[in-house]
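Undergrad: Structure: work32.txt, compact mmCIF, N, CA and C atoms.
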```txt
# COMPACT_ATOMS: atom_id res chain seq x y z
N MET W 1 -3.44 27.98 10.56
CA MET W 1 -4.81 27.78 10.17
C MET W 1 -5.63 27.49 11.42
N SER W 2 -6.27 28.47 11.93
CA SER W 2 -7.10 28.33 13.12
C SER W 2 -8.47 27.85 12.70
N GLY W 3 -9.00 26.90 13.45
CA GLY W 3 -10.31 26.38 13.11
C GLY W 3 -11.33 26.70 14.18
N ASN W 4 -12.59 26.71 13.77
CA ASN W 4 -13.66 26.96 14.71
C ASN W 4 -14.36 25.67 15.13
N LYS W 5 -13.93 24.55 14.63
CA LYS W 5 -14.57 23.28 14.95
C LYS W 5 -14.44 22.99 16.44
N GLU W 6 -15.53 22.49 17.01
CA GLU W 6 -15.51 22.08 18.42
C GLU W 6 -15.36 20.58 18.48
N PHE W 7 -14.44 20.13 19.32
CA PHE W 7 -14.17 18.71 19.50
C PHE W 7 -14.58 18.29 20.90
N THR W 8 -15.17 17.12 21.00
CA THR W 8 -15.39 16.53 22.33
C THR W 8 -14.14 15.76 22.69
N ILE W 9 -14.04 15.39 23.95
CA ILE W 9 -12.90 14.57 24.39
C ILE W 9 -12.89 13.25 23.62
N ASP W 10 -14.06 12.67 23.38
CA ASP W 10 -14.14 11.41 22.65
C ASP W 10 -13.63 11.57 21.21
N GLU W 11 -13.97 12.68 20.57
CA GLU W 11 -13.48 12.93 19.21
C GLU W 11 -11.97 13.12 19.21
N LEU W 12 -11.47 13.85 20.19
CA LEU W 12 -10.03 14.06 20.32
C LEU W 12 -9.32 12.72 20.51
N ALA W 13 -9.89 11.86 21.33
CA ALA W 13 -9.27 10.57 21.66
C ALA W 13 -9.13 9.65 20.45
N GLN W 14 -9.92 9.88 19.42
CA GLN W 14 -9.85 9.05 18.21
C GLN W 14 -8.59 9.32 17.39
N HIS W 15 -7.91 10.40 17.68
CA HIS W 15 -6.72 10.79 16.91
C HIS W 15 -5.48 10.60 17.77
N ASN W 16 -5.14 9.33 18.00
CA ASN W 16 -4.06 9.00 18.93
C ASN W 16 -2.99 8.11 18.31
N THR W 17 -2.82 8.22 17.00
CA THR W 17 -1.81 7.41 16.32
C THR W 17 -0.88 8.31 15.51
N LYS W 18 0.21 7.73 15.04
CA LYS W 18 1.16 8.48 14.23
C LYS W 18 0.53 8.95 12.93
N ALA W 19 -0.47 8.22 12.45
CA ALA W 19 -1.15 8.58 11.21
C ALA W 19 -2.12 9.74 11.39
N SER W 20 -2.62 9.94 12.60
CA SER W 20 -3.56 11.04 12.90
C SER W 20 -3.42 11.38 14.38
N LEU W 21 -2.68 12.44 14.66
CA LEU W 21 -2.33 12.77 16.04
C LEU W 21 -2.81 14.17 16.39
N TYR W 22 -3.83 14.22 17.26
CA TYR W 22 -4.34 15.49 17.77
C TYR W 22 -4.01 15.57 19.25
N ILE W 23 -3.75 16.79 19.72
CA ILE W 23 -3.60 17.04 21.15
C ILE W 23 -4.37 18.31 21.48
N SER W 24 -4.69 18.46 22.74
CA SER W 24 -5.33 19.69 23.20
C SER W 24 -4.40 20.35 24.21
N ILE W 25 -4.25 21.67 24.06
CA ILE W 25 -3.46 22.46 25.00
C ILE W 25 -4.27 23.71 25.33
N LYS W 26 -4.57 23.89 26.60
CA LYS W 26 -5.34 25.04 27.08
C LYS W 26 -6.65 25.22 26.31
N GLY W 27 -7.32 24.10 26.05
CA GLY W 27 -8.64 24.15 25.44
C GLY W 27 -8.65 24.25 23.92
N LYS W 28 -7.48 24.37 23.31
CA LYS W 28 -7.41 24.42 21.85
C LYS W 28 -6.94 23.05 21.36
N VAL W 29 -7.41 22.68 20.16
CA VAL W 29 -7.06 21.39 19.58
C VAL W 29 -6.10 21.61 18.42
N TYR W 30 -5.04 20.79 18.40
CA TYR W 30 -3.99 20.91 17.40
C TYR W 30 -3.79 19.58 16.69
N ASP W 31 -3.67 19.63 15.36
CA ASP W 31 -3.32 18.46 14.57
C ASP W 31 -1.81 18.52 14.34
N VAL W 32 -1.06 17.73 15.10
CA VAL W 32 0.40 17.75 15.03
C VAL W 32 0.96 16.55 14.26
N THR W 33 0.10 15.92 13.45
CA THR W 33 0.51 14.74 12.69
C THR W 33 1.75 15.03 11.84
N LYS W 34 1.77 16.16 11.16
CA LYS W 34 2.89 16.48 10.27
C LYS W 34 4.14 16.93 11.03
N PHE W 35 4.01 17.16 12.34
CA PHE W 35 5.13 17.64 13.13
C PHE W 35 5.85 16.50 13.88
N ILE W 36 5.28 15.30 13.85
CA ILE W 36 5.82 14.18 14.63
C ILE W 36 7.31 13.97 14.38
N ASP W 37 7.69 13.90 13.12
CA ASP W 37 9.10 13.62 12.79
C ASP W 37 10.02 14.79 13.07
N GLU W 38 9.47 16.00 13.20
CA GLU W 38 10.28 17.19 13.43
C GLU W 38 10.39 17.56 14.91
N HIS W 39 9.57 16.95 15.77
CA HIS W 39 9.54 17.35 17.18
C HIS W 39 10.90 17.11 17.83
N PRO W 40 11.50 18.17 18.39
CA PRO W 40 12.84 18.04 18.98
C PRO W 40 12.94 17.01 20.10
N GLY W 41 11.85 16.77 20.80
CA GLY W 41 11.86 15.80 21.89
C GLY W 41 11.62 14.37 21.44
N GLY W 42 11.41 14.18 20.13
CA GLY W 42 11.17 12.85 19.59
C GLY W 42 9.69 12.56 19.47
N GLU W 43 9.38 11.60 18.62
CA GLU W 43 7.98 11.28 18.36
C GLU W 43 7.29 10.66 19.58
N GLU W 44 8.06 9.97 20.44
CA GLU W 44 7.47 9.32 21.60
C GLU W 44 6.76 10.31 22.51
N VAL W 45 7.33 11.49 22.63
CA VAL W 45 6.75 12.51 23.50
C VAL W 45 5.35 12.88 23.01
N LEU W 46 5.21 13.08 21.71
CA LEU W 46 3.90 13.41 21.15
C LEU W 46 2.95 12.22 21.22
N LEU W 47 3.46 11.04 20.93
CA LEU W 47 2.60 9.85 20.97
C LEU W 47 2.08 9.58 22.38
N ASP W 48 2.87 9.92 23.40
CA ASP W 48 2.42 9.74 24.79
C ASP W 48 1.22 10.61 25.10
N GLU W 49 1.10 11.76 24.46
CA GLU W 49 0.01 12.70 24.75
C GLU W 49 -1.08 12.68 23.67
N ALA W 50 -0.93 11.81 22.68
CA ALA W 50 -1.84 11.77 21.55
C ALA W 50 -3.28 11.52 21.96
N GLY W 51 -4.18 12.31 21.39
CA GLY W 51 -5.61 12.11 21.60
C GLY W 51 -6.12 12.56 22.95
N ARG W 52 -5.39 13.44 23.62
CA ARG W 52 -5.86 13.89 24.93
C ARG W 52 -5.34 15.29 25.25
N ASP W 53 -5.72 15.78 26.42
CA ASP W 53 -5.28 17.10 26.86
C ASP W 53 -3.81 17.00 27.27
N ALA W 54 -2.97 17.74 26.58
CA ALA W 54 -1.53 17.70 26.84
C ALA W 54 -1.03 18.98 27.50
N THR W 55 -1.94 19.76 28.06
CA THR W 55 -1.56 21.05 28.65
C THR W 55 -0.48 20.89 29.70
N GLU W 56 -0.68 20.00 30.64
CA GLU W 56 0.28 19.84 31.73
C GLU W 56 1.65 19.41 31.21
N ALA W 57 1.66 18.44 30.31
CA ALA W 57 2.94 17.97 29.76
C ALA W 57 3.64 19.07 28.98
N PHE W 58 2.88 19.85 28.21
CA PHE W 58 3.46 20.94 27.42
C PHE W 58 4.04 22.01 28.32
N GLU W 59 3.31 22.39 29.35
CA GLU W 59 3.76 23.45 30.25
C GLU W 59 4.92 22.97 31.14
N ASP W 60 4.91 21.71 31.56
CA ASP W 60 5.97 21.18 32.42
C ASP W 60 7.34 21.23 31.75
N VAL W 61 7.37 21.08 30.44
CA VAL W 61 8.64 21.07 29.72
C VAL W 61 9.23 22.47 29.65
N GLY W 62 8.39 23.48 29.69
CA GLY W 62 8.89 24.85 29.59
C GLY W 62 9.29 25.18 28.17
N HIS W 63 8.37 25.00 27.23
CA HIS W 63 8.65 25.26 25.82
C HIS W 63 9.00 26.73 25.58
N SER W 64 9.78 26.96 24.56
CA SER W 64 10.22 28.31 24.18
C SER W 64 9.07 29.10 23.56
N ASP W 65 9.31 30.40 23.40
CA ASP W 65 8.33 31.24 22.71
C ASP W 65 8.12 30.76 21.29
N GLU W 66 9.20 30.28 20.68
CA GLU W 66 9.11 29.76 19.31
C GLU W 66 8.16 28.56 19.25
N ALA W 67 8.25 27.68 20.24
CA ALA W 67 7.36 26.51 20.28
C ALA W 67 5.91 26.94 20.45
N HIS W 68 5.68 27.93 21.31
CA HIS W 68 4.32 28.45 21.49
C HIS W 68 3.81 29.03 20.18
N GLY W 69 4.69 29.70 19.44
CA GLY W 69 4.31 30.28 18.16
C GLY W 69 3.99 29.22 17.12
N LEU W 70 4.74 28.13 17.14
CA LEU W 70 4.49 27.04 16.18
C LEU W 70 3.10 26.44 16.35
N LEU W 71 2.61 26.42 17.57
CA LEU W 71 1.29 25.83 17.82
C LEU W 71 0.20 26.45 16.96
N LYS W 72 0.27 27.74 16.75
CA LYS W 72 -0.77 28.44 15.99
C LYS W 72 -0.97 27.83 14.61
N GLY W 73 0.10 27.37 14.00
CA GLY W 73 0.01 26.77 12.68
C GLY W 73 -0.66 25.40 12.66
N PHE W 74 -0.78 24.78 13.82
CA PHE W 74 -1.37 23.44 13.91
C PHE W 74 -2.80 23.47 14.48
N GLU W 75 -3.27 24.64 14.89
CA GLU W 75 -4.58 24.75 15.53
C GLU W 75 -5.69 24.43 14.54
N ILE W 76 -6.61 23.53 14.96
CA ILE W 76 -7.73 23.14 14.10
C ILE W 76 -9.08 23.34 14.78
N GLY W 77 -9.10 23.70 16.05
CA GLY W 77 -10.37 23.89 16.73
C GLY W 77 -10.19 24.04 18.22
N VAL W 78 -11.29 23.86 18.93
CA VAL W 78 -11.30 24.00 20.39
C VAL W 78 -12.03 22.81 21.01
N LEU W 79 -11.74 22.58 22.29
CA LEU W 79 -12.49 21.57 23.01
C LEU W 79 -13.87 22.12 23.32
N LYS W 80 -14.87 21.31 23.12
CA LYS W 80 -16.24 21.71 23.39
C LYS W 80 -16.40 22.02 24.87
N GLU W 81 -17.12 23.10 25.17
CA GLU W 81 -17.35 23.45 26.58
C GLU W 81 -18.04 22.30 27.28
N GLY W 82 -17.58 22.04 28.49
CA GLY W 82 -18.15 20.93 29.26
C GLY W 82 -17.42 19.62 29.05
N SER W 83 -16.55 19.56 28.04
CA SER W 83 -15.75 18.34 27.84
C SER W 83 -14.73 18.26 28.95
N GLN W 84 -14.62 17.12 29.57
CA GLN W 84 -13.66 16.93 30.64
C GLN W 84 -12.42 16.26 30.09
N PRO W 85 -11.25 16.82 30.37
CA PRO W 85 -10.01 16.19 29.90
C PRO W 85 -9.83 14.81 30.49
N GLN W 86 -9.26 13.91 29.70
CA GLN W 86 -8.94 12.57 30.17
C GLN W 86 -7.78 12.66 31.14
N THR W 87 -7.87 11.93 32.24
CA THR W 87 -6.75 11.90 33.17
C THR W 87 -5.81 10.75 32.86
N GLN W 88 -6.32 9.69 32.31
CA GLN W 88 -5.51 8.54 31.94
C GLN W 88 -5.84 8.16 30.51
N LYS W 89 -4.82 7.77 29.76
CA LYS W 89 -5.02 7.31 28.40
C LYS W 89 -4.56 5.87 28.33
N PRO W 90 -5.38 5.00 27.75
CA PRO W 90 -4.92 3.62 27.60
C PRO W 90 -3.72 3.58 26.66
N PRO W 91 -2.73 2.74 26.96
CA PRO W 91 -1.55 2.69 26.11
C PRO W 91 -1.89 2.20 24.71
N THR W 92 -1.34 2.87 23.69
CA THR W 92 -1.59 2.49 22.31
C THR W 92 -0.32 1.97 21.64
N HIS W 93 0.78 2.01 22.34
CA HIS W 93 2.05 1.56 21.80
C HIS W 93 2.91 1.05 22.94
N SER W 94 3.87 0.22 22.60
CA SER W 94 4.72 -0.31 23.66
C SER W 94 6.19 -0.08 23.32
N TYR W 95 6.76 0.91 23.94
CA TYR W 95 8.17 1.19 23.83
C TYR W 95 8.62 1.70 25.18
N PRO W 96 9.87 1.54 25.52
CA PRO W 96 10.31 1.95 26.85
C PRO W 96 10.21 3.47 27.02
N LYS W 97 9.73 3.88 28.16
CA LYS W 97 9.66 5.30 28.48
C LYS W 97 11.02 5.76 28.95
N HIS W 98 11.38 6.97 28.57
CA HIS W 98 12.63 7.56 29.01
C HIS W 98 12.37 8.32 30.30
N PRO W 99 13.16 8.04 31.33
CA PRO W 99 12.93 8.75 32.59
C PRO W 99 13.18 10.24 32.42
N GLN W 100 12.34 11.05 33.03
CA GLN W 100 12.49 12.50 32.99
C GLN W 100 13.30 12.94 34.19
N PRO W 101 14.20 13.88 34.00
CA PRO W 101 14.96 14.37 35.15
C PRO W 101 14.02 15.02 36.15
N GLU W 102 14.30 14.79 37.44
CA GLU W 102 13.41 15.30 38.47
C GLU W 102 13.78 16.70 38.91
N THR W 103 14.99 17.15 38.63
CA THR W 103 15.37 18.49 39.01
C THR W 103 15.23 19.40 37.81
N SER W 104 14.73 20.57 38.04
CA SER W 104 14.61 21.52 36.94
C SER W 104 15.82 22.44 36.94
N SER W 105 16.02 23.12 35.84
CA SER W 105 17.17 24.01 35.74
C SER W 105 17.04 25.17 36.72
N SER W 106 15.81 25.57 37.07
CA SER W 106 15.67 26.67 38.02
C SER W 106 16.18 26.29 39.40
N VAL W 107 16.01 25.03 39.79
CA VAL W 107 16.53 24.57 41.07
C VAL W 107 18.05 24.58 41.04
N ILE W 108 18.61 24.12 39.95
CA ILE W 108 20.07 24.08 39.81
C ILE W 108 20.63 25.50 39.85
N ASN W 109 19.90 26.45 39.27
CA ASN W 109 20.34 27.84 39.27
C ASN W 109 20.48 28.39 40.68
N TYR W 110 19.73 27.86 41.63
CA TYR W 110 19.84 28.29 43.02
C TYR W 110 20.87 27.47 43.80
N LEU W 111 20.97 26.20 43.49
CA LEU W 111 21.87 25.33 44.24
C LEU W 111 23.34 25.62 43.96
N VAL W 112 23.70 25.92 42.74
CA VAL W 112 25.10 26.17 42.40
C VAL W 112 25.62 27.40 43.15
N PRO W 113 24.95 28.56 43.09
CA PRO W 113 25.47 29.71 43.86
C PRO W 113 25.46 29.44 45.37
N LEU W 114 24.48 28.70 45.85
CA LEU W 114 24.43 28.38 47.28
C LEU W 114 25.64 27.53 47.67
N GLY W 115 25.99 26.58 46.83
CA GLY W 115 27.17 25.74 47.09
C GLY W 115 28.44 26.56 47.09
N VAL W 116 28.54 27.49 46.17
CA VAL W 116 29.72 28.37 46.12
C VAL W 116 29.80 29.21 47.39
N LEU W 117 28.67 29.74 47.83
CA LEU W 117 28.63 30.55 49.04
C LEU W 117 29.06 29.73 50.26
N VAL W 118 28.54 28.52 50.40
CA VAL W 118 28.90 27.65 51.52
C VAL W 118 30.39 27.34 51.49
N ALA W 119 30.93 27.05 50.31
CA ALA W 119 32.36 26.75 50.18
C ALA W 119 33.19 27.97 50.58
N PHE W 120 32.77 29.16 50.17
CA PHE W 120 33.48 30.38 50.51
C PHE W 120 33.48 30.62 52.01
N ILE W 121 32.33 30.45 52.64
CA ILE W 121 32.23 30.65 54.10
C ILE W 121 33.10 29.63 54.83
N ALA W 122 33.07 28.37 54.37
CA ALA W 122 33.89 27.33 55.00
C ALA W 122 35.38 27.67 54.84
N TYR W 123 35.79 28.14 53.68
CA TYR W 123 37.17 28.52 53.45
C TYR W 123 37.59 29.65 54.40
N LYS W 124 36.75 30.67 54.51
CA LYS W 124 37.05 31.81 55.39
C LYS W 124 37.13 31.36 56.86
N TYR W 125 36.24 30.44 57.24
CA TYR W 125 36.20 29.96 58.63
C TYR W 125 37.46 29.16 58.93
N ILE W 126 37.86 28.27 57.99
CA ILE W 126 39.02 27.41 58.22
C ILE W 126 40.32 28.21 58.18
N SER W 127 40.42 29.16 57.22
CA SER W 127 41.66 29.91 57.09
C SER W 127 41.77 31.04 58.13
N GLY W 128 40.69 31.25 58.82
CA GLY W 128 40.62 32.04 59.95
C GLY W 128 40.86 33.42 60.12
```
In structure tokens, write the structure found in this file.

TA:
Amino acid sequence: MSGNKEFTIDELAQHNTKASLYISIKGKVYDVTKFIDEHPGGEEVLLDEAGRDATEAFEDVGHSDEAHGLLKGFEIGVLKEGSQPQTQKPPTHSYPKHPQPETSSSVINYLVPLGVLVAFIAYKYISG
């Protein structure tokens, strides 16, 4: 259900609870309230981005095509032109944050073959 409603950042920010959770991704506004309990990453991930622009967080995770497709069903409008995304959101809940891994799988994909290559060269050098 795509909507034509325009939201300001202030209007978006009002929907930052489990009872009413909106996020913005790439200028579109999504009501993900009904998806909180189904989100594979847990409700905390959505609550951390509630009521603000979540584009960076969404893209950083590297969501699947299926996840991108699911968004369409939650779309309710767009951010009003000229609205500036919030850079910081005041905390609305207090639970421990889970540390995010700092290495991405793409880095690991390069390091593993590189390690194998180095081991092979060392073996050839030592065995002479």

Undergrad: Rank nothing, just name the residue among W:Ile76, W:Ile25, W:Ala13, W:Leu70 nearest to Ala50 in chain W, using only N, CA and C atoms.

TA: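 Closest to Ala50 in chain W of all the choices is W:Ala13.
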
Undergrad: How many Å separate atom C of Ile9 in chain W from atom C of Glu66 in chain W?

TA: 26.4 Å

Undergrad: Using all atoms of range 111-128 of chain W that appear in the file, construct an axis-aligned enclosing box with 8 Å of padding on every side and provide its centre coordinates and edge lengths in Å, rounded to one decimal, as lines of an AutoDock Vina configuration file.

TA:
```
center_x = 31.4
center_y = 29.4
center_z = 51.3
size_x = 36.8
size_y = 24.1
size_z = 33.7
```

Undergrad: Rounded to one decimal, what separation in Å do you get between CA of Gly51 in chain W and CA of His15 in chain W?

TA: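 These two atoms are separated by 5.0 Å.
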
Undergrad: Rounded to one decimal in Å, what is the spacing between atom C of Lys5 in chain W and atom N of Gly77 in chain W?

TA: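 Separation of atom C of Lys5 in chain W and atom N of Gly77 in chain W: 5.4 Å.
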
Undergrad: Which is closer to Ser24 in chain W than all the others in W:Leu79, W:Asp65, W:Asp60, W:His39, using only N, CA and C atoms?

TA: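 Closest candidate: W:Leu79.
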
Undergrad: Smallest atom-to-atom distance to Lys34 in chain W: which of W:Val118, W:Glu56, W:Gly73, W:Lys80, using only C-alpha atoms?

TA: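 Among W:Val118, W:Glu56, W:Gly73, W:Lys80, it is W:Gly73 that comes nearest to Lys34 in chain W.
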
Undergrad: Given the choices W:Ile36, W:Ile23, W:Val61, W:His68, which gets closest to Glu49 in chain W if the distance is worked out from only N, CA and C atoms?

TA: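 Checking each of W:Ile36, W:Ile23, W:Val61, W:His68 against Glu49 in chain W, counting only N, CA and C atoms, the winner is W:Ile23.
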
Undergrad: Extract, using only C-alpha atoms, all DNA, RNA and protein residues at most 6 Å from Asp31 in chain W, discarding same-chain residues fewer than 4 positions from it, and format them as a PDB file with N, CA and C atoms, in the frame of the given file.

TA:
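File written: around-v8.pdb
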```
ATOM      1  N   LEU W  21      -2.680  12.440  14.660  1.00  0.00           N
ATOM      2  CA  LEU W  21      -2.330  12.770  16.040  1.00  0.00           C
ATOM      3  C   LEU W  21      -2.810  14.170  16.390  1.00  0.00           C
ATOM      4  N   TYR W  22      -3.830  14.220  17.260  1.00  0.00           N
ATOM      5  CA  TYR W  22      -4.340  15.490  17.770  1.00  0.00           C
ATOM      6  C   TYR W  22      -4.010  15.570  19.250  1.00  0.00           C
ATOM      7  N   PHE W  74      -0.780  24.780  13.820  1.00  0.00           N
ATOM      8  CA  PHE W  74      -1.370  23.440  13.910  1.00  0.00           C
ATOM      9  C   PHE W  74      -2.800  23.470  14.480  1.00  0.00           C
TER      10      PHE W  74
END
```

Undergrad: Just the helix (DSSP H, G or I) stuff from range 14-82 of chain W, please, per backbone DSSP, written as a PDB file with N, CA and C atoms, in the frame of the given file.

TA:
```
ATOM      1  N   THR W  33       0.100  15.920  13.450  1.00  0.00           N
ATOM      2  CA  THR W  33       0.510  14.740  12.690  1.00  0.00           C
ATOM      3  C   THR W  33       1.750  15.030  11.840  1.00  0.00           C
ATOM      4  N   LYS W  34       1.770  16.160  11.160  1.00  0.00           N
ATOM      5  CA  LYS W  34       2.890  16.480  10.270  1.00  0.00           C
ATOM      6  C   LYS W  34       4.140  16.930  11.030  1.00  0.00           C
ATOM      7  N   PHE W  35       4.010  17.160  12.340  1.00  0.00           N
ATOM      8  CA  PHE W  35       5.130  17.640  13.130  1.00  0.00           C
ATOM      9  C   PHE W  35       5.850  16.500  13.880  1.00  0.00           C
ATOM     10  N   ILE W  36       5.280  15.300  13.850  1.00  0.00           N
ATOM     11  CA  ILE W  36       5.820  14.180  14.630  1.00  0.00           C
ATOM     12  C   ILE W  36       7.310  13.970  14.380  1.00  0.00           C
ATOM     13  N   ASP W  37       7.690  13.900  13.120  1.00  0.00           N
ATOM     14  CA  ASP W  37       9.100  13.620  12.790  1.00  0.00           C
ATOM     15  C   ASP W  37      10.020  14.790  13.070  1.00  0.00           C
ATOM     16  N   GLU W  38       9.470  16.000  13.200  1.00  0.00           N
ATOM     17  CA  GLU W  38      10.280  17.190  13.430  1.00  0.00           C
ATOM     18  C   GLU W  38      10.390  17.560  14.910  1.00  0.00           C
ATOM     19  N   GLU W  43       9.380  11.600  18.620  1.00  0.00           N
ATOM     20  CA  GLU W  43       7.980  11.280  18.360  1.00  0.00           C
ATOM     21  C   GLU W  43       7.290  10.660  19.580  1.00  0.00           C
ATOM     22  N   GLU W  44       8.060   9.970  20.440  1.00  0.00           N
ATOM     23  CA  GLU W  44       7.470   9.320  21.600  1.00  0.00           C
ATOM     24  C   GLU W  44       6.760  10.310  22.510  1.00  0.00           C
ATOM     25  N   VAL W  45       7.330  11.490  22.630  1.00  0.00           N
ATOM     26  CA  VAL W  45       6.750  12.510  23.500  1.00  0.00           C
ATOM     27  C   VAL W  45       5.350  12.880  23.010  1.00  0.00           C
ATOM     28  N   LEU W  46       5.210  13.080  21.710  1.00  0.00           N
ATOM     29  CA  LEU W  46       3.900  13.410  21.150  1.00  0.00           C
ATOM     30  C   LEU W  46       2.950  12.220  21.220  1.00  0.00           C
ATOM     31  N   LEU W  47       3.460  11.040  20.930  1.00  0.00           N
ATOM     32  CA  LEU W  47       2.600   9.850  20.970  1.00  0.00           C
ATOM     33  C   LEU W  47       2.080   9.580  22.380  1.00  0.00           C
ATOM     34  N   ASP W  48       2.870   9.920  23.400  1.00  0.00           N
ATOM     35  CA  ASP W  48       2.420   9.740  24.790  1.00  0.00           C
ATOM     36  C   ASP W  48       1.220  10.610  25.100  1.00  0.00           C
ATOM     37  N   GLU W  49       1.100  11.760  24.460  1.00  0.00           N
ATOM     38  CA  GLU W  49       0.010  12.700  24.750  1.00  0.00           C
ATOM     39  C   GLU W  49      -1.080  12.680  23.670  1.00  0.00           C
ATOM     40  N   THR W  55      -1.940  19.760  28.060  1.00  0.00           N
ATOM     41  CA  THR W  55      -1.560  21.050  28.650  1.00  0.00           C
ATOM     42  C   THR W  55      -0.480  20.890  29.700  1.00  0.00           C
ATOM     43  N   GLU W  56      -0.680  20.000  30.640  1.00  0.00           N
ATOM     44  CA  GLU W  56       0.280  19.840  31.730  1.00  0.00           C
ATOM     45  C   GLU W  56       1.650  19.410  31.210  1.00  0.00           C
ATOM     46  N   ALA W  57       1.660  18.440  30.310  1.00  0.00           N
ATOM     47  CA  ALA W  57       2.940  17.970  29.760  1.00  0.00           C
ATOM     48  C   ALA W  57       3.640  19.070  28.980  1.00  0.00           C
ATOM     49  N   PHE W  58       2.880  19.850  28.210  1.00  0.00           N
ATOM     50  CA  PHE W  58       3.460  20.940  27.420  1.00  0.00           C
ATOM     51  C   PHE W  58       4.040  22.010  28.320  1.00  0.00           C
ATOM     52  N   GLU W  59       3.310  22.390  29.350  1.00  0.00           N
ATOM     53  CA  GLU W  59       3.760  23.450  30.250  1.00  0.00           C
ATOM     54  C   GLU W  59       4.920  22.970  31.140  1.00  0.00           C
ATOM     55  N   ASP W  60       4.910  21.710  31.560  1.00  0.00           N
ATOM     56  CA  ASP W  60       5.970  21.180  32.420  1.00  0.00           C
ATOM     57  C   ASP W  60       7.340  21.230  31.750  1.00  0.00           C
ATOM     58  N   VAL W  61       7.370  21.080  30.440  1.00  0.00           N
ATOM     59  CA  VAL W  61       8.640  21.070  29.720  1.00  0.00           C
ATOM     60  C   VAL W  61       9.230  22.470  29.650  1.00  0.00           C
ATOM     61  N   ASP W  65       9.310  30.400  23.400  1.00  0.00           N
ATOM     62  CA  ASP W  65       8.330  31.240  22.710  1.00  0.00           C
ATOM     63  C   ASP W  65       8.120  30.760  21.290  1.00  0.00           C
ATOM     64  N   GLU W  66       9.200  30.280  20.680  1.00  0.00           N
ATOM     65  CA  GLU W  66       9.110  29.760  19.310  1.00  0.00           C
ATOM     66  C   GLU W  66       8.160  28.560  19.250  1.00  0.00           C
ATOM     67  N   ALA W  67       8.250  27.680  20.240  1.00  0.00           N
ATOM     68  CA  ALA W  67       7.360  26.510  20.280  1.00  0.00           C
ATOM     69  C   ALA W  67       5.910  26.940  20.450  1.00  0.00           C
ATOM     70  N   HIS W  68       5.680  27.930  21.310  1.00  0.00           N
ATOM     71  CA  HIS W  68       4.320  28.450  21.490  1.00  0.00           C
ATOM     72  C   HIS W  68       3.810  29.030  20.180  1.00  0.00           C
ATOM     73  N   GLY W  69       4.690  29.700  19.440  1.00  0.00           N
ATOM     74  CA  GLY W  69       4.310  30.280  18.160  1.00  0.00           C
ATOM     75  C   GLY W  69       3.990  29.220  17.120  1.00  0.00           C
ATOM     76  N   LEU W  70       4.740  28.130  17.140  1.00  0.00           N
ATOM     77  CA  LEU W  70       4.490  27.040  16.180  1.00  0.00           C
ATOM     78  C   LEU W  70       3.100  26.440  16.350  1.00  0.00           C
ATOM     79  N   LEU W  71       2.610  26.420  17.570  1.00  0.00           N
ATOM     80  CA  LEU W  71       1.290  25.830  17.820  1.00  0.00           C
ATOM     81  C   LEU W  71       0.200  26.450  16.960  1.00  0.00           C
ATOM     82  N   LYS W  72       0.270  27.740  16.750  1.00  0.00           N
ATOM     83  CA  LYS W  72      -0.770  28.440  15.990  1.00  0.00           C
ATOM     84  C   LYS W  72      -0.970  27.830  14.610  1.00  0.00           C
ATOM     85  N   GLY W  73       0.100  27.370  14.000  1.00  0.00           N
ATOM     86  CA  GLY W  73       0.010  26.770  12.680  1.00  0.00           C
ATOM     87  C   GLY W  73      -0.660  25.400  12.660  1.00  0.00           C
ATOM     88  N   PHE W  74      -0.780  24.780  13.820  1.00  0.00           N
ATOM     89  CA  PHE W  74      -1.370  23.440  13.910  1.00  0.00           C
ATOM     90  C   PHE W  74      -2.800  23.470  14.480  1.00  0.00           C
TER      91      PHE W  74
END
```

Undergrad: So, counting only C-alpha atoms, which residue among W:Val32, W:Asp37, W:Asp53, W:Phe120 is closest to Thr8 in chain W?

TA: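 Between W:Val32, W:Asp37, W:Asp53, W:Phe120, the residue approaching Thr8 in chain W most closely is W:Asp53.
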